[in-house]
Every structure is written in C-alpha cells, then in structure tokens.
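entry_24.tsv follows; it contains TSV, C-alpha atoms.
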chain	number	residue	atom	x	y	z
K	146	MET	CA	31.03	29.49	34.48
K	147	PRO	CA	28.26	30.85	36.75
K	148	ARG	CA	25.04	28.92	37.21
K	149	PHE	CA	22.89	31.92	36.22
K	150	SER	CA	23.34	34.87	33.88
K	151	ILE	CA	20.90	37.72	34.51
K	152	VAL	CA	20.25	40.37	31.85
K	153	ILE	CA	18.75	43.69	32.98
K	154	PRO	CA	17.66	46.08	30.20
K	155	ALA	CA	17.56	49.62	31.58
K	156	PHE	CA	16.37	52.93	30.18
K	157	ASN	CA	15.77	55.99	32.38
K	158	ALA	CA	15.08	53.76	35.36
K	159	ASP	CA	16.75	55.75	38.14
K	160	ASN	CA	13.55	55.70	40.23
K	161	THR	CA	13.46	51.89	40.40
K	162	LEU	CA	16.81	50.36	39.41
K	163	ALA	CA	18.30	50.54	42.91
K	164	ASP	CA	15.45	48.42	44.32
K	165	THR	CA	15.80	45.95	41.46
K	166	LEU	CA	19.53	45.55	42.01
K	167	ASP	CA	19.08	45.29	45.77
K	168	SER	CA	16.77	42.30	45.25
K	169	LEU	CA	19.38	40.71	43.00
K	170	GLU	CA	22.29	41.28	45.38
K	171	HIS	CA	20.31	39.75	48.25
K	172	GLN	CA	19.65	36.43	46.50
K	173	THR	CA	20.29	33.42	48.69
K	174	LEU	CA	21.97	31.69	45.74
K	175	THR	CA	25.15	33.59	44.96
K	176	ASP	CA	26.43	31.77	41.86
K	177	TRP	CA	25.39	34.34	39.25
K	178	GLU	CA	26.59	37.10	36.95
K	179	ALA	CA	24.53	40.09	35.84
K	180	LEU	CA	24.65	42.31	32.78
K	181	ILE	CA	22.98	45.72	32.95
K	182	VAL	CA	22.32	46.97	29.42
K	183	ASP	CA	21.90	50.76	29.29
K	184	ASP	CA	19.71	51.75	26.35
K	185	GLY	CA	20.95	55.34	26.26
K	186	SER	CA	19.53	56.64	29.54
K	187	THR	CA	19.53	60.40	30.13
K	188	ASP	CA	18.89	60.25	33.88
K	189	ALA	CA	20.95	58.73	36.70
K	190	THR	CA	20.44	55.12	35.56
K	191	ARG	CA	24.06	54.76	34.47
K	192	VAL	CA	25.34	56.19	37.77
K	193	ILE	CA	23.28	53.66	39.76
K	194	ALA	CA	24.37	50.81	37.50
K	195	GLU	CA	28.06	51.73	37.71
K	196	ALA	CA	27.83	52.02	41.50
K	197	ALA	CA	26.43	48.47	41.65
K	198	ALA	CA	29.21	47.18	39.39
K	199	GLY	CA	31.75	48.93	41.60
K	200	ARG	CA	30.61	47.18	44.76
K	201	ASP	CA	29.86	43.75	43.22
K	202	ARG	CA	32.25	42.17	40.71
K	203	ARG	CA	29.49	39.89	39.43
K	204	ILE	CA	27.75	42.90	37.82
K	205	ARG	CA	28.80	44.49	34.52
K	206	VAL	CA	27.37	47.48	32.63
K	207	ILE	CA	27.41	47.91	28.86
K	208	ASP	CA	25.91	50.43	26.44
K	209	ASN	CA	23.40	49.48	23.76
K	210	PRO	CA	21.77	52.83	22.98
K	211	ALA	CA	18.36	53.02	21.31
K	212	LYS	CA	18.22	49.28	20.59
K	213	GLY	CA	15.38	48.33	22.94
K	214	PRO	CA	14.86	45.55	25.50
K	215	SER	CA	14.76	42.69	22.98
K	216	ALA	CA	18.21	43.52	21.64
K	217	ALA	CA	19.44	43.88	25.23
K	218	ARG	CA	18.15	40.43	26.18
K	219	ASN	CA	19.69	38.88	23.08
K	220	LEU	CA	23.11	40.01	24.36
K	221	ALA	CA	22.84	37.15	26.84
K	222	LEU	CA	24.14	34.88	24.07
K	223	THR	CA	27.30	36.88	23.39
K	224	GLU	CA	28.05	38.76	26.62
K	225	THR	CA	27.31	36.17	29.31
K	226	THR	CA	28.32	32.58	30.02
K	227	GLY	CA	25.88	31.13	32.58
K	228	GLU	CA	24.17	27.79	32.03
K	229	ILE	CA	20.76	29.33	32.77
K	230	ILE	CA	19.68	32.75	31.54
K	231	ALA	CA	17.21	34.84	33.54
K	232	PHE	CA	15.80	38.24	32.69
K	233	LEU	CA	15.02	41.05	35.10
K	234	ASP	CA	13.40	44.35	34.12
K	235	ALA	CA	14.76	47.48	35.76
K	236	ASP	CA	11.50	48.21	37.60
K	237	ASP	CA	10.71	44.74	38.97
K	238	VAL	CA	11.91	42.97	42.13
K	239	TRP	CA	12.82	39.36	42.87
K	240	ALA	CA	12.06	37.45	46.06
K	241	PRO	CA	15.29	36.48	47.91
K	242	ARG	CA	15.00	32.76	47.03
K	243	LYS	CA	14.14	33.28	43.35
K	244	LEU	CA	17.41	31.89	41.96
K	245	GLU	CA	17.74	29.23	44.66
K	246	ILE	CA	14.34	27.78	43.82
K	247	MET	CA	14.94	28.02	40.08
K	248	ALA	CA	18.23	26.16	40.51
K	249	GLN	CA	16.32	23.34	42.21
K	250	ILE	CA	13.80	23.23	39.36
K	251	PHE	CA	16.51	23.02	36.69
K	252	ARG	CA	18.02	19.93	38.32
K	253	ASN	CA	15.36	18.17	36.25
K	254	ALA	CA	17.03	17.77	32.86
K	255	GLY	CA	13.61	17.56	31.20
K	256	ILE	CA	12.79	21.20	32.02
K	257	ASP	CA	13.95	23.83	29.53
K	258	ALA	CA	12.38	26.96	31.01
K	259	ALA	CA	10.44	27.92	34.12
K	260	PHE	CA	8.42	30.73	35.67
K	261	SER	CA	6.60	31.41	38.94
K	262	ARG	CA	3.63	33.21	40.40
K	263	ILE	CA	3.85	37.04	40.29
K	264	ALA	CA	2.69	39.62	42.82
K	265	PHE	CA	1.56	42.90	41.26
K	266	PHE	CA	2.35	46.04	43.24
K	267	ASP	CA	2.35	49.83	43.04
K	268	GLU	CA	2.97	52.67	45.49
K	269	ALA	CA	0.08	51.43	47.62
K	270	GLY	CA	1.60	47.94	47.97
K	271	THR	CA	0.78	44.48	46.64
K	272	ARG	CA	-2.70	44.19	45.14
K	273	THR	CA	-3.05	40.71	43.60
K	274	VAL	CA	-1.05	37.68	42.48
K	275	SER	CA	-1.11	35.91	39.14
K	276	SER	CA	-2.62	32.48	38.57
K	277	LEU	CA	-0.67	29.48	37.28
K	278	PRO	CA	-1.65	26.74	34.84
K	279	GLY	CA	-1.96	23.19	36.12
K	280	GLY	CA	0.80	21.79	33.91
K	281	HIS	CA	3.44	22.73	31.37
K	282	VAL	CA	2.67	25.59	28.99
K	283	THR	CA	1.29	24.88	25.51
K	284	VAL	CA	0.96	27.08	22.42
K	285	PRO	CA	-2.88	27.11	22.60
K	286	MET	CA	-2.54	28.30	26.21
K	287	LEU	CA	-0.20	31.13	25.14
K	288	LEU	CA	-2.61	32.17	22.40
K	289	GLY	CA	-5.21	32.82	25.10
K	290	GLU	CA	-3.35	34.44	27.98
K	291	ASN	CA	0.38	34.50	28.69
K	292	PRO	CA	0.86	33.00	32.17
K	293	VAL	CA	4.50	34.15	32.34
K	294	CYS	CA	3.27	37.79	32.32
K	295	THR	CA	6.73	39.43	32.25
K	296	MET	CA	10.22	38.46	31.20
K	297	SER	CA	11.34	39.18	34.79
K	298	ASN	CA	9.57	35.90	35.50
K	299	LEU	CA	11.41	33.69	33.01
K	300	ALA	CA	14.51	31.53	33.34
K	301	VAL	CA	15.67	29.42	30.39
K	302	ARG	CA	18.54	27.09	29.61
K	303	ARG	CA	21.16	28.77	27.44
K	304	ALA	CA	20.96	26.02	24.82
K	305	ALA	CA	17.19	26.40	24.49
K	306	PHE	CA	17.41	30.19	24.21
K	307	ALA	CA	20.15	29.95	21.59
K	308	ALA	CA	18.12	27.45	19.56
K	309	THR	CA	15.23	29.90	19.26
K	310	GLY	CA	17.48	32.63	17.85
K	311	GLY	CA	16.50	35.07	20.57
K	312	PHE	CA	13.86	37.80	20.51
K	313	ASP	CA	12.52	39.50	17.39
K	314	THR	CA	13.97	43.01	17.74
K	315	ARG	CA	11.40	44.42	15.31
K	316	LEU	CA	8.63	44.02	17.87
K	317	VAL	CA	7.98	46.62	20.59
K	318	HIS	CA	5.13	44.85	22.38
K	319	ASN	CA	4.32	41.16	22.81
K	320	GLU	CA	7.87	40.29	21.76
K	321	ASP	CA	7.91	38.04	24.83
K	322	LEU	CA	4.75	36.22	23.71
K	323	GLU	CA	6.06	35.76	20.16
K	324	TRP	CA	9.31	34.32	21.54
K	325	LEU	CA	7.53	32.07	24.05
K	326	ILE	CA	5.44	30.62	21.22
K	327	ARG	CA	8.64	29.80	19.30
K	328	LEU	CA	10.18	28.31	22.44
K	329	VAL	CA	7.23	26.03	23.19
K	330	ALA	CA	6.35	25.23	19.57
K	331	THR	CA	9.83	23.83	18.97
K	332	GLY	CA	9.45	21.27	21.73
K	333	ASN	CA	10.90	23.01	24.78
K	334	ARG	CA	9.19	22.33	28.10
K	335	LEU	CA	8.11	25.46	29.99
K	336	VAL	CA	6.78	24.79	33.48
K	337	PRO	CA	5.20	26.80	36.31
K	338	VAL	CA	6.61	26.94	39.84
K	339	ALA	CA	4.05	27.29	42.64
K	340	GLU	CA	5.91	30.06	44.48
K	341	THR	CA	5.63	33.87	44.38
K	342	LEU	CA	9.13	34.85	43.26
K	343	VAL	CA	8.62	38.06	41.25
K	344	TYR	CA	7.11	41.42	42.19
K	345	TYR	CA	5.86	43.28	39.12
K	346	ARG	CA	5.61	47.05	39.38
K	347	THR	CA	2.48	48.35	37.65
K	348	SER	CA	2.16	51.82	36.15
K	349	PRO	CA	-0.78	53.42	34.31
K	350	THR	CA	1.65	55.16	31.96
K	351	GLY	CA	4.18	52.35	31.51
K	352	LEU	CA	5.05	50.43	28.36
K	353	SER	CA	2.21	47.97	28.93
K	354	ALA	CA	-0.29	50.82	28.68
K	355	ASP	CA	0.11	51.05	24.87
K	356	LEU	CA	-2.81	48.83	23.89
K	357	ALA	CA	-2.59	49.57	20.15
K	358	ALA	CA	1.04	48.45	19.96
K	359	MET	CA	0.18	45.40	22.02
K	360	SER	CA	-2.40	44.46	19.41
K	361	ARG	CA	0.17	44.74	16.61
K	362	GLY	CA	2.56	42.52	18.54
K	363	ARG	CA	-0.27	40.08	19.07
K	364	GLU	CA	-0.72	39.75	15.31
K	365	ALA	CA	2.96	38.83	14.97
K	366	ALA	CA	2.63	36.21	17.72
K	367	VAL	CA	-0.44	34.66	16.07
K	368	ALA	CA	1.42	34.54	12.74
K	369	THR	CA	4.35	32.76	14.42
K	370	ALA	CA	2.00	30.20	15.95
K	371	LEU	CA	0.43	29.58	12.54
K	372	ARG	CA	3.86	28.97	10.97
K	373	HIS	CA	4.38	26.26	13.56
K	374	GLY	CA	1.03	24.64	12.84
K	375	PHE	CA	-1.07	26.21	15.61
K	376	ARG	CA	-4.15	28.20	14.65
K	377	THR	CA	-5.80	30.57	17.09
K	378	SER	CA	-9.44	30.02	18.04
K	379	ALA	CA	-12.45	32.11	19.00
K	380	ARG	CA	-11.96	30.92	22.57
K	381	ALA	CA	-8.31	32.00	22.62
K	382	GLU	CA	-9.13	35.38	21.08
K	383	ALA	CA	-11.85	35.96	23.68
K	384	ILE	CA	-9.43	35.19	26.51
K	385	HIS	CA	-6.91	37.58	24.97
K	386	LEU	CA	-9.53	40.33	24.64
K	387	ARG	CA	-10.41	39.80	28.30
K	388	TYR	CA	-6.73	40.22	29.13
K	389	LEU	CA	-6.57	43.47	27.11
K	390	ALA	CA	-9.72	44.76	28.80
K	391	ARG	CA	-8.16	44.09	32.20
K	392	ARG	CA	-5.01	45.88	31.10
K	393	ALA	CA	-7.11	48.82	29.93
K	394	LEU	CA	-8.81	49.01	33.33
K	395	ARG	CA	-5.38	49.37	34.98
K	396	THR	CA	-4.21	52.14	32.66
K	397	ASP	CA	-5.33	55.50	31.36
K	398	ALA	CA	-7.09	53.90	28.38
K	399	PRO	CA	-10.40	55.59	27.48
K	400	PRO	CA	-13.34	53.90	29.24
K	401	ARG	CA	-15.06	53.43	25.87
K	402	GLU	CA	-12.08	51.41	24.62
K	403	THR	CA	-12.15	49.28	27.76
K	404	LEU	CA	-15.82	48.48	27.24
K	405	ARG	CA	-15.24	47.76	23.54
K	406	LEU	CA	-12.59	45.18	24.40
K	407	ALA	CA	-14.71	43.50	27.06
K	408	LEU	CA	-17.81	43.32	24.88
K	409	ALA	CA	-15.80	42.07	21.90
K	410	GLY	CA	-14.38	39.29	24.05
K	411	ALA	CA	-17.76	38.25	25.43
K	412	TRP	CA	-19.26	38.32	21.91
K	413	THR	CA	-16.38	36.44	20.23
K	414	SER	CA	-16.66	33.47	22.58
K	415	PRO	CA	-18.72	33.59	25.78
K	416	ALA	CA	-17.21	30.23	26.78
K	417	GLY	CA	-13.72	31.68	26.41
K	418	PHE	CA	-14.39	35.04	28.03
K	419	PHE	CA	-16.05	33.40	31.04
K	420	SER	CA	-13.73	30.37	31.14
K	421	ASP	CA	-12.57	31.86	34.42
K	422	LEU	CA	-16.02	32.90	35.63
K	423	ARG	CA	-14.89	35.31	38.33
K	424	ARG	CA	-12.34	37.00	36.07
K	425	GLY	CA	-14.82	37.29	33.21
K	426	VAL	CA	-17.60	38.72	35.37
K	427	MET	CA	-15.31	41.16	37.16
K	428	THR	CA	-13.78	42.34	33.88
K	429	LEU	CA	-17.13	42.99	32.24
K	430	ALA	CA	-18.55	44.64	35.37
K	431	GLY	CA	-15.44	46.79	35.68
K	432	ALA	CA	-15.65	47.87	32.04
K	433	LEU	CA	-19.27	48.90	32.53
K	434	ALA	CA	-18.55	50.73	35.78
K	435	ALA	CA	-15.59	52.53	34.20
K	436	GLN	CA	-17.99	54.48	31.99
K	437	ILE	CA	-19.18	56.54	34.97
K	438	LEU	CA	-16.22	56.43	37.38
K	439	PRO	CA	-13.63	59.25	37.56
K	440	ARG	CA	-10.13	58.32	36.39
K	441	ARG	CA	-8.68	58.48	39.91
K	442	THR	CA	-11.31	56.06	41.19
K	443	ARG	CA	-10.73	53.69	38.25
K	444	ARG	CA	-7.01	53.61	39.03
K	445	ALA	CA	-7.64	52.89	42.71
K	446	LEU	CA	-10.03	50.03	41.92
K	447	PHE	CA	-8.34	48.33	39.00
K	448	SER	CA	-4.59	49.11	39.08
K	449	HIS	CA	-2.81	45.98	40.37
For the structure just supplied, provide its representation as structure tokens.
Amino acid sequence: MPRFSIVIPAFNADNTLADTLDSLEHQTLTDWEALIVDDGSTDATRVIAEAAAGRDRRIRVIDNPAKGPSAARNLALTETTGEIIAFLDADDVWAPRKLEIMAQIFRNAGIDAAFSRIAFFDEAGTRTVSSLPGGHVTVPMLLGENPVCTMSNLAVRRAAFAATGGFDTRLVHNEDLEWLIRLVATGNRLVPVAETLVYYRTSPTGLSADLAAMSRGREAAVATALRHGFRTSARAEAIHLRYLARRALRTDAPPRETLRLALAGAWTSPAGFFSDLRRGVMTLAGALAAQILPRRTRRALFSH
C-alpha cells in the first residue's frame, strides 16, 4: 500500500497537464500512486496521460467521461489504496517537497487533513501567495473565506475522506467548500502548514470565473453548515463577498458587478469586510478603479 494516492481530474488540459505531471514525478518522496481521471477530453490530454503512465508504473489512467471533477475525486475511494489521499488539478503544480512535508505532518495521529500556503501564478510568473490561519480550520472560518483555496492544496486521511461520503457531485462550484464544511463539522482536524507547496495557475476565463455558479454553490455550503448547527453571520457573508469581489477583479467579470460585490460586502458588515484592513481597502479601491480602467489594464493589475 503506498503512503499517498493522488487523484488528478483532467479535461482538455493538454496545455498544462505535462507541467503538472512533471511536478508530481519530481517529488522527493517517492512512495505514491497517481490516478489520472480523463473526463472525456477531445484534445491531447489522453495522449499526455498515457505517456506518463507508460514511463512511470505508479501512474494509471481511467475514463470517467462527462462526470466532472467531484466524481473523479470520489474515485479515490474505489480505485486507489493509499493511506493518505491528495488531489491535484491538471493545471496546478506542486513544489518538489510537497508530499515529503505532508508525510511529516501526518505523523501526528491527531491530524486528519492538511493544506499549505499557495503561490498564484500566470504567464507573467508568480504574483502573490495566500495567507494562512493561525490555527486549525473551523466551520465559521470556512463560512467567511476558504483558506485551502483549491483541492490541489488538500491532503486527507483515507478514513476521514470515506467517513464524509466524498464530494457532492451535483455541485459545479464550491463543491470543495461544501465538502470541507462536512469534514470539519464532523470533528476532523484540518491544519495549515507554513510552507508554499502549491502553485495555482490563474486564468480570467477558467472555471473560477463563473461567479453566478459560485454563488449557487455557496448557498449549498451554507445549508450544509446549518444542518451541522453552524449559522452564517453578517461578518462571514461580508468576508465572502470580499472574496468574490477579488475574484471578479481577476476575471472578465463586468466592472459594475465587481463594484456591486465590494459595496455589498462593505455594507453587510464593515467589520467583516475590513477584518483584514489592507485586503478590504485594496479590494474596494480596485473595484472603484475598475470602473474606468480598460480590461487589459485590469487583468495586469488584479490577476494573481
């Protein structure tokens, strides 16, 4: 049984998958298996995946057409055997010591899941890194802003993942947040690791750019929290609106929508929106400036 099982959902990712797999194959910890789940790609994704499987026996490729990333990740329970499950999106990159450091963290039997700091990058290079909470993650924290950011940043014990029942395949956006709330609400300990171990590729036209669908997924996550006895607050909603406004600044969202989100957040709870003063001020200032800046300039300033 390998120490880690890595699941890589892939759909039309031939521009990025090779870099993703290269980062996996160059991990300093070698005790892993990987499952690439092809969601019915029509480009060269399958060719790249099969080439990787041909040169590295730890990698397998299976088909799961038109099922989506949540269904792909759930295959970890039936198609892999590792003690710890980690997820890696087909456009992200891991630092070489990602699995080595995670293995050290999971020596603590009291830790059920872990994540690290993320560096955001695009064609121009790395722009910023994510911030980490001071302690283990709570449901109220998740209702404000998800510090994990991407499933490429999450490793979880197989037993804990199985106990949650996996991801809700009905959700297209915020399925990670809804699952994280179930994970934490049922008593699992999710902790941050003060290292930059994941490089998250940003795109103004990527899946994260669909703000309307993100809002619908958010409603499902809030409903899940409520079922577990956690009610959202004005402060948490303001922090989430700030997060959406920042997302909008990085995408091709209409400037008016960006400003609406920022103003709604500041109005809902000034204390929440400006809980991180610099982030709140920069988000509001950026939303105001976006009303007069050309799209190319907005991308250059805010895409990170």
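Going from atom CA of Gln172 of chain K to atom CA of Arg252 of chain K covers 18.5 Å.
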Nearest to Thr347 of chain K by atom-to-atom distance, counting all atoms listed in the file, from K:Arg423, K:Arg395, K:Arg302, K:Arg315: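 So, comparing all the options, the nearest one is K:Arg395.
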Leaving out Glu402 of chain K and any residue of its chain fewer than 2 positions from it, which residues lie within 12 Å of it when counting all atoms listed in the file, given as a ChimeraX atom specification? /K:356-357,386,389-394,396-400,404-409,432-433,435-436
Write a file of the just-selected residues containing C-alpha atoms, as a tab-separated table (two decimals), in the coordinates of the input.
chain	number	residue	atom	x	y	z
K	356	LEU	CA	-2.81	48.83	23.89
K	357	ALA	CA	-2.59	49.57	20.15
K	386	LEU	CA	-9.53	40.33	24.64
K	389	LEU	CA	-6.57	43.47	27.11
K	390	ALA	CA	-9.72	44.76	28.80
K	391	ARG	CA	-8.16	44.09	32.20
K	392	ARG	CA	-5.01	45.88	31.10
K	393	ALA	CA	-7.11	48.82	29.93
K	394	LEU	CA	-8.81	49.01	33.33
K	396	THR	CA	-4.21	52.14	32.66
K	397	ASP	CA	-5.33	55.50	31.36
K	398	ALA	CA	-7.09	53.90	28.38
K	399	PRO	CA	-10.40	55.59	27.48
K	400	PRO	CA	-13.34	53.90	29.24
K	404	LEU	CA	-15.82	48.48	27.24
K	405	ARG	CA	-15.24	47.76	23.54
K	406	LEU	CA	-12.59	45.18	24.40
K	407	ALA	CA	-14.71	43.50	27.06
K	408	LEU	CA	-17.81	43.32	24.88
K	409	ALA	CA	-15.80	42.07	21.90
K	432	ALA	CA	-15.65	47.87	32.04
K	433	LEU	CA	-19.27	48.90	32.53
K	435	ALA	CA	-15.59	52.53	34.20
K	436	GLN	CA	-17.99	54.48	31.99
Residue nearest Asp313 of chain K - candidates K:Arg334, K:Arg218, K:Arg424, K:His385, atoms counted: all atoms listed in the file: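 Closest residue, counting all atoms listed in the file: K:Arg218.
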Point out the residue among K:Ala416, K:Ile326, K:Ala434, K:Ala221 with the least atom-to-atom distance to Leu371 of chain K, counting only C-alpha atoms. K:Ile326
Which neighbours of Ala158 of chain K fall inside 7 Å, counting all atoms listed in the file, when residues of the same chain fewer than 4 positions from it are skipped, and could you give them as a PyMOL selection string? chain K and resi 162+190+235-236
Would you save the residues of that selection, restricted to C-alpha atoms, as a JSON list (two decimals), keeping the file's coordinate frame?
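The new file out02.json reads:
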[["chain", "number", "residue", "atom", "x", "y", "z"],
["K", 162, "LEU", "CA", 16.81, 50.36, 39.41],
["K", 190, "THR", "CA", 20.44, 55.12, 35.56],
["K", 235, "ALA", "CA", 14.76, 47.48, 35.76],
["K", 236, "ASP", "CA", 11.50, 48.21, 37.60]]
Counting only C-alpha atoms, which residues sit no farther than 10 Å from the position (-4.9, 33.6, 40.8) in the file's frame? I'd like them as an NGL selection string. :K and (262-264 or 273-278 or 424)
Residue with smallest distance to Met247 of chain K - pool K:Leu299, K:Ala155, K:Ala198, K:Leu328, counting all atoms listed in the file: K:Leu299
To one decimal place, how far is atom CA of Asp237 of chain K from atom CA of Arg327 of chain K in Å?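 Distance between the two atoms: 24.8 Å.
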Taking all atoms listed in the file into account, which of K:Asp257, K:Asp267, K:Glu340, K:Asp164 comes nearest Ala300 of chain K?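 Selected residue with least distance to Ala300 of chain K: K:Asp257.
Computed from the coordinates, the atom CA of Phe251 of chain K to atom CA of Ala304 of chain K distance equals 13.0 Å.
Closest approach to Ala308 of chain K from the set K:Leu222, K:Glu245, K:Val343, K:Arg363 is made by K:Leu222, with distances taken over only C-alpha atoms.
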Spatial neighbours of Ala240 of chain K, max dist 9 Å, all atoms listed in the file, sep filter under 3 positions, as a PyMOL selection string: chain K and resi 168-169+171-172+243-244+341-344
Within 12 Å of Ala211 of chain K, counting all atoms listed in the file, which residues qualify if same-chain residues fewer than 3 places away don't, as a PyMOL selection string? chain K and resi 154-157+182-187+208+214-217+314
With the input short on atoms, add N, CA and C atoms back to segment 171-197 of chain K and write it as a PDB file, in the frame of the given file.
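Everything below was put into out.pdb:
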ATOM      1  N   HIS K 171      20.703  40.456  47.031  1.00  0.00           N
ATOM      2  CA  HIS K 171      20.310  39.750  48.250  1.00  0.00           C
ATOM      3  C   HIS K 171      19.744  38.356  47.961  1.00  0.00           C
ATOM      4  N   GLN K 172      20.057  37.800  46.799  1.00  0.00           N
ATOM      5  CA  GLN K 172      19.650  36.430  46.500  1.00  0.00           C
ATOM      6  C   GLN K 172      20.395  35.446  47.396  1.00  0.00           C
ATOM      7  N   THR K 173      19.662  34.429  47.840  1.00  0.00           N
ATOM      8  CA  THR K 173      20.290  33.420  48.690  1.00  0.00           C
ATOM      9  C   THR K 173      21.264  32.548  47.894  1.00  0.00           C
ATOM     10  N   LEU K 174      21.022  32.368  46.612  1.00  0.00           N
ATOM     11  CA  LEU K 174      21.970  31.690  45.740  1.00  0.00           C
ATOM     12  C   LEU K 174      22.911  32.750  45.172  1.00  0.00           C
ATOM     13  N   THR K 175      24.186  32.549  45.316  1.00  0.00           N
ATOM     14  CA  THR K 175      25.150  33.590  44.960  1.00  0.00           C
ATOM     15  C   THR K 175      25.929  33.316  43.674  1.00  0.00           C
ATOM     16  N   ASP K 176      25.680  32.165  43.054  1.00  0.00           N
ATOM     17  CA  ASP K 176      26.430  31.770  41.860  1.00  0.00           C
ATOM     18  C   ASP K 176      25.788  32.361  40.608  1.00  0.00           C
ATOM     19  N   TRP K 177      25.992  33.662  40.389  1.00  0.00           N
ATOM     20  CA  TRP K 177      25.390  34.340  39.250  1.00  0.00           C
ATOM     21  C   TRP K 177      26.282  35.476  38.752  1.00  0.00           C
ATOM     22  N   GLU K 178      26.029  35.879  37.525  1.00  0.00           N
ATOM     23  CA  GLU K 178      26.590  37.100  36.950  1.00  0.00           C
ATOM     24  C   GLU K 178      25.432  37.917  36.407  1.00  0.00           C
ATOM     25  N   ALA K 179      25.596  39.229  36.338  1.00  0.00           N
ATOM     26  CA  ALA K 179      24.530  40.090  35.840  1.00  0.00           C
ATOM     27  C   ALA K 179      25.086  41.095  34.849  1.00  0.00           C
ATOM     28  N   LEU K 180      24.301  41.346  33.812  1.00  0.00           N
ATOM     29  CA  LEU K 180      24.650  42.310  32.780  1.00  0.00           C
ATOM     30  C   LEU K 180      23.566  43.367  32.720  1.00  0.00           C
ATOM     31  N   ILE K 181      23.908  44.606  33.090  1.00  0.00           N
ATOM     32  CA  ILE K 181      22.980  45.720  32.950  1.00  0.00           C
ATOM     33  C   ILE K 181      23.234  46.369  31.602  1.00  0.00           C
ATOM     34  N   VAL K 182      22.189  46.432  30.775  1.00  0.00           N
ATOM     35  CA  VAL K 182      22.320  46.970  29.420  1.00  0.00           C
ATOM     36  C   VAL K 182      21.632  48.334  29.378  1.00  0.00           C
ATOM     37  N   ASP K 183      22.427  49.396  29.311  1.00  0.00           N
ATOM     38  CA  ASP K 183      21.900  50.760  29.290  1.00  0.00           C
ATOM     39  C   ASP K 183      21.522  51.134  27.861  1.00  0.00           C
ATOM     40  N   ASP K 184      20.245  51.466  27.684  1.00  0.00           N
ATOM     41  CA  ASP K 184      19.710  51.750  26.350  1.00  0.00           C
ATOM     42  C   ASP K 184      19.809  53.232  25.992  1.00  0.00           C
ATOM     43  N   GLY K 185      20.779  53.921  26.564  1.00  0.00           N
ATOM     44  CA  GLY K 185      20.950  55.340  26.260  1.00  0.00           C
ATOM     45  C   GLY K 185      20.242  56.241  27.239  1.00  0.00           C
ATOM     46  N   SER K 186      20.232  55.869  28.506  1.00  0.00           N
ATOM     47  CA  SER K 186      19.530  56.640  29.540  1.00  0.00           C
ATOM     48  C   SER K 186      20.066  58.062  29.641  1.00  0.00           C
ATOM     49  N   THR K 187      19.153  58.992  29.949  1.00  0.00           N
ATOM     50  CA  THR K 187      19.530  60.400  30.130  1.00  0.00           C
ATOM     51  C   THR K 187      19.370  60.852  31.569  1.00  0.00           C
ATOM     52  N   ASP K 188      19.017  59.926  32.456  1.00  0.00           N
ATOM     53  CA  ASP K 188      18.890  60.250  33.880  1.00  0.00           C
ATOM     54  C   ASP K 188      20.059  59.617  34.631  1.00  0.00           C
ATOM     55  N   ALA K 189      19.861  59.281  35.884  1.00  0.00           N
ATOM     56  CA  ALA K 189      20.950  58.730  36.700  1.00  0.00           C
ATOM     57  C   ALA K 189      21.052  57.211  36.642  1.00  0.00           C
ATOM     58  N   THR K 190      20.396  56.588  35.672  1.00  0.00           N
ATOM     59  CA  THR K 190      20.440  55.120  35.560  1.00  0.00           C
ATOM     60  C   THR K 190      21.878  54.614  35.488  1.00  0.00           C
ATOM     61  N   ARG K 191      22.687  55.234  34.640  1.00  0.00           N
ATOM     62  CA  ARG K 191      24.060  54.760  34.470  1.00  0.00           C
ATOM     63  C   ARG K 191      24.863  54.909  35.764  1.00  0.00           C
ATOM     64  N   VAL K 192      24.636  55.977  36.507  1.00  0.00           N
ATOM     65  CA  VAL K 192      25.340  56.190  37.770  1.00  0.00           C
ATOM     66  C   VAL K 192      25.005  55.068  38.751  1.00  0.00           C
ATOM     67  N   ILE K 193      23.725  54.729  38.845  1.00  0.00           N
ATOM     68  CA  ILE K 193      23.280  53.660  39.760  1.00  0.00           C
ATOM     69  C   ILE K 193      23.867  52.325  39.324  1.00  0.00           C
ATOM     70  N   ALA K 194      23.846  52.068  38.018  1.00  0.00           N
ATOM     71  CA  ALA K 194      24.370  50.810  37.500  1.00  0.00           C
ATOM     72  C   ALA K 194      25.873  50.690  37.758  1.00  0.00           C
ATOM     73  N   GLU K 195      26.616  51.746  37.493  1.00  0.00           N
ATOM     74  CA  GLU K 195      28.060  51.730  37.710  1.00  0.00           C
ATOM     75  C   GLU K 195      28.405  51.563  39.188  1.00  0.00           C
ATOM     76  N   ALA K 196      27.603  52.170  40.062  1.00  0.00           N
ATOM     77  CA  ALA K 196      27.830  52.020  41.500  1.00  0.00           C
ATOM     78  C   ALA K 196      27.657  50.556  41.911  1.00  0.00           C
ATOM     79  N   ALA K 197      26.641  49.888  41.340  1.00  0.00           N
ATOM     80  CA  ALA K 197      26.430  48.470  41.650  1.00  0.00           C
ATOM     81  C   ALA K 197      27.590  47.625  41.153  1.00  0.00           C
TER      82      ALA K 197
END
